[in-house]
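Written below as structure tokens is the structure these notes are about.
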Amino acid sequence: MASSAAGLRPRRKKNPLSFIYAPKVIRPAVAIAVLLVVWQILCSGEGSNLPSPVQVLEQTYPLILNPFFDNGGTDKGLGIQIFASLTRVAVGFSAAAVVGIALGILIGSSKFMYDALDPIFQVLRTIPPLAWLPIALAALQEAEPSAIFVIFITAIWPIVINTTVGAQQVPQDYRNVSRVLKLSKSQYFFNILFPAAVPYIFTGLRIGIGLSWLAIVAAEMLIGGVGIGFFIWDAYNSSLISEIIIALIYVGIVGLLLDRFIAFLESLVVPAEQK
């Protein structure tokens, strides 16, 4: 009777705000609060070269409240600046993903291609991204395609390398089964090779998107125009340190969101047992 009575008790409704009290929310919030307090203490003195959090908010709240203003030229809000940077990253990263995955599968599935191209790629991937910018400017003669090329050349190496490793990790048993079943090359690719490489591909994509965002910010400091990198450099030349700080916060948040977006796509595509 007791158990049946217990079963008849109404279940407590879940509080929709319960996530606010979750450890994964509370702990980062406490850490951020401590960081802000320490920052405020260290930068409150008269001799400080950097503004405190309170000063940053006081000096940049118009930028925060209106991120999409456009006064012409490069005088635009942070929202427009970030969107311009994201557009370049989207084009360059998408091209790197297509080319990198194709090259990685080709190299990983062919020992001849691996032996021929791997040493070349290992040399090229060690070149710093911004070192490619003068070559791109000399070849393309325009800043916009040059910045996109820097994104492409930055993102492609982790995608190629991780895809290659994934293509090489196909179990030998799977290869033997494909021979026994006499699978065609297309059947082998779609049913065995590509599914085995997908987790590695997404690892390369996550690394690539992070490097792309880092590279575009640095490249825009040199090529000028509209973009979050140029905004930071222009703010530095105008001694607007508070604007630099708020822009850096935006850059960090966008970088985190890009990484989480690729991770979300991975959760949709990669089965849990393959992660």
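Residues are referred to by chain and number: the chain letter is A, B, ... according to the order shown in the structure tokens, the number counts from 1 in that chain, and ligands are numbered separately from 1 in the order shown.
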Residues within 9 Å of range 131-144 of chain A, only C-alpha atoms, excluding chain neighbours under 4 positions, as an mmCIF file with N, CA, C and O atoms, in the first residue's frame:
```cif
data_model
loop_
_atom_site.group_PDB
_atom_site.id
_atom_site.type_symbol
_atom_site.label_atom_id
_atom_site.label_comp_id
_atom_site.auth_asym_id
_atom_site.auth_seq_id
_atom_site.Cartn_x
_atom_site.Cartn_y
_atom_site.Cartn_z
ATOM 1 N N ARG A 88 34.503 36.846 -43.937
ATOM 2 C CA ARG A 88 35.785 36.392 -44.486
ATOM 3 C C ARG A 88 36.131 34.998 -43.978
ATOM 4 O O ARG A 88 36.601 34.144 -44.734
ATOM 5 N N ILE A 127 54.682 27.188 -41.410
ATOM 6 C CA ILE A 127 54.840 28.602 -41.761
ATOM 7 C C ILE A 127 53.763 29.402 -41.041
ATOM 8 O O ILE A 127 52.570 29.078 -41.146
ATOM 9 N N ILE A 148 41.189 36.388 -47.155
ATOM 10 C CA ILE A 148 40.499 35.099 -47.271
ATOM 11 C C ILE A 148 41.503 33.980 -47.529
ATOM 12 O O ILE A 148 41.381 32.871 -46.991
ATOM 13 N N PHE A 149 42.525 34.270 -48.336
ATOM 14 C CA PHE A 149 43.563 33.253 -48.585
ATOM 15 C C PHE A 149 44.312 32.907 -47.306
ATOM 16 O O PHE A 149 44.639 31.732 -47.080
ATOM 17 N N VAL A 150 44.595 33.906 -46.483
ATOM 18 C CA VAL A 150 45.267 33.633 -45.207
ATOM 19 C C VAL A 150 44.415 32.712 -44.342
ATOM 20 O O VAL A 150 44.935 31.793 -43.699
ATOM 21 N N ILE A 153 44.669 29.129 -45.927
ATOM 22 C CA ILE A 153 45.947 28.449 -45.719
ATOM 23 C C ILE A 153 46.181 28.147 -44.240
ATOM 24 O O ILE A 153 46.935 27.231 -43.883
ATOM 25 N N ALA A 219 45.272 39.386 -39.400
ATOM 26 C CA ALA A 219 45.409 39.836 -40.786
ATOM 27 C C ALA A 219 44.738 41.189 -40.998
ATOM 28 O O ALA A 219 45.262 42.051 -41.706
ATOM 29 N N GLU A 220 43.579 41.390 -40.373
ATOM 30 C CA GLU A 220 42.849 42.652 -40.555
ATOM 31 C C GLU A 220 43.597 43.830 -39.943
ATOM 32 O O GLU A 220 43.388 44.974 -40.356
ATOM 33 N N LEU A 222 46.598 44.351 -40.434
ATOM 34 C CA LEU A 222 47.566 44.757 -41.438
ATOM 35 C C LEU A 222 46.912 45.266 -42.720
ATOM 36 O O LEU A 222 47.435 46.174 -43.365
ATOM 37 N N ILE A 223 45.770 44.675 -43.109
ATOM 38 C CA ILE A 223 45.169 45.046 -44.390
ATOM 39 C C ILE A 223 44.207 46.219 -44.274
ATOM 40 O O ILE A 223 43.871 46.854 -45.271
ATOM 41 N N GLY A 224 43.744 46.526 -43.044
ATOM 42 C CA GLY A 224 42.835 47.650 -42.852
ATOM 43 C C GLY A 224 41.427 47.334 -43.324
ATOM 44 O O GLY A 224 41.067 46.190 -43.579
ATOM 45 N N GLY A 225 40.605 48.358 -43.428
ATOM 46 C CA GLY A 225 39.219 48.185 -43.840
ATOM 47 C C GLY A 225 38.320 47.857 -42.659
ATOM 48 O O GLY A 225 38.688 48.045 -41.501
#
```
Neighbour list for range 177-189 of chain A as a list of chain:residue names, cut-off 12 Å, only C-alpha atoms, skip fewer than 5 positions in-chain: A:Ala102, A:Ile105, A:Leu106, A:Ser109, A:Ala167, A:Val170, A:Pro171, A:Gln172, A:Phe194, A:Pro195, A:Ala196, A:Ala197, A:Val198
Can you spit out the residues from that selection as a CSV table (one decimal), in the first residue's frame, using C-alpha atoms?
```csv
chain,number,residue,atom,x,y,z
A,102,ALA,CA,39.3,15.9,-50.1
A,105,ILE,CA,41.0,11.3,-47.8
A,106,LEU,CA,43.1,11.1,-50.9
A,109,SER,CA,43.8,6.1,-48.6
A,167,ALA,CA,41.3,7.6,-43.4
A,170,VAL,CA,40.0,2.1,-41.0
A,171,PRO,CA,40.2,-1.3,-39.3
A,172,GLN,CA,41.8,-4.0,-41.4
A,194,PHE,CA,34.2,8.2,-44.8
A,195,PRO,CA,32.2,7.1,-41.7
A,196,ALA,CA,35.5,6.0,-40.1
A,197,ALA,CA,37.1,9.3,-40.8
A,198,VAL,CA,34.2,11.6,-39.7
```
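Residues lying within 8 Å of Gly210 in chain A, counting only C-alpha atoms and ignoring same-chain neighbours fewer than 3 positions away, are Arg206, Ile207, Trp213, Leu214, Gly255, Leu258 and Asp259 of chain A.
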Quick one: residues within 9 Å of Leu265 in chain A, only C-alpha atoms counted, chain neighbours fewer than 5 positions away excluded, as a ChimeraX atom specification? /A:202,260,270
Residue subset to file, keeping C-alpha atoms, as an mmCIF file, in the first residue's frame:
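Writing the result to result-v1.cif gives the following:
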```cif
data_model
loop_
_atom_site.group_PDB
_atom_site.id
_atom_site.type_symbol
_atom_site.label_atom_id
_atom_site.label_comp_id
_atom_site.auth_asym_id
_atom_site.auth_seq_id
_atom_site.Cartn_x
_atom_site.Cartn_y
_atom_site.Cartn_z
ATOM 1 C CA PHE A 202 35.456 17.183 -37.043
ATOM 2 C CA ARG A 260 30.510 25.270 -29.993
ATOM 3 C CA VAL A 270 28.956 11.542 -35.319
#
```
Could you pull the residues within 7 Å of Leu78 in chain A, counting only C-alpha atoms, minus those fewer than 2 positions along the same chain, as a list of chain:residue names?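 Contacts, with the query itself left out: A:Leu63, A:Pro67, A:Phe68, A:Lys76, A:Ile80, A:Gln81, A:Ile82.
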Can you spit out the residues from that selection as an mmCIF file, in the first residue's frame, using N, CA, C and O atoms?
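Written output follows (selection.cif):
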```
data_model
loop_
_atom_site.group_PDB
_atom_site.id
_atom_site.type_symbol
_atom_site.label_atom_id
_atom_site.label_comp_id
_atom_site.auth_asym_id
_atom_site.auth_seq_id
_atom_site.Cartn_x
_atom_site.Cartn_y
_atom_site.Cartn_z
ATOM 1 N N LEU A 63 28.973 51.846 -27.504
ATOM 2 C CA LEU A 63 29.303 50.761 -28.430
ATOM 3 C C LEU A 63 28.503 49.508 -28.113
ATOM 4 O O LEU A 63 28.053 48.784 -29.011
ATOM 5 N N PRO A 67 25.513 48.309 -31.342
ATOM 6 C CA PRO A 67 26.623 47.661 -32.052
ATOM 7 C C PRO A 67 26.523 47.715 -33.571
ATOM 8 O O PRO A 67 27.447 47.279 -34.256
ATOM 9 N N PHE A 68 25.411 48.251 -34.115
ATOM 10 C CA PHE A 68 25.220 48.224 -35.564
ATOM 11 C C PHE A 68 25.118 49.621 -36.178
ATOM 12 O O PHE A 68 24.535 49.780 -37.246
ATOM 13 N N LYS A 76 32.157 52.156 -37.816
ATOM 14 C CA LYS A 76 31.002 51.275 -37.705
ATOM 15 C C LYS A 76 31.004 50.594 -36.350
ATOM 16 O O LYS A 76 32.032 50.513 -35.674
ATOM 17 N N ILE A 80 28.816 45.212 -36.813
ATOM 18 C CA ILE A 80 29.161 45.242 -38.233
ATOM 19 C C ILE A 80 30.606 44.796 -38.445
ATOM 20 O O ILE A 80 30.914 44.067 -39.401
ATOM 21 N N GLN A 81 31.493 45.223 -37.558
ATOM 22 C CA GLN A 81 32.899 44.840 -37.669
ATOM 23 C C GLN A 81 33.055 43.321 -37.556
ATOM 24 O O GLN A 81 33.775 42.694 -38.347
ATOM 25 N N ILE A 82 32.375 42.731 -36.577
ATOM 26 C CA ILE A 82 32.475 41.284 -36.386
ATOM 27 C C ILE A 82 31.840 40.535 -37.547
ATOM 28 O O ILE A 82 32.351 39.503 -37.999
#
```
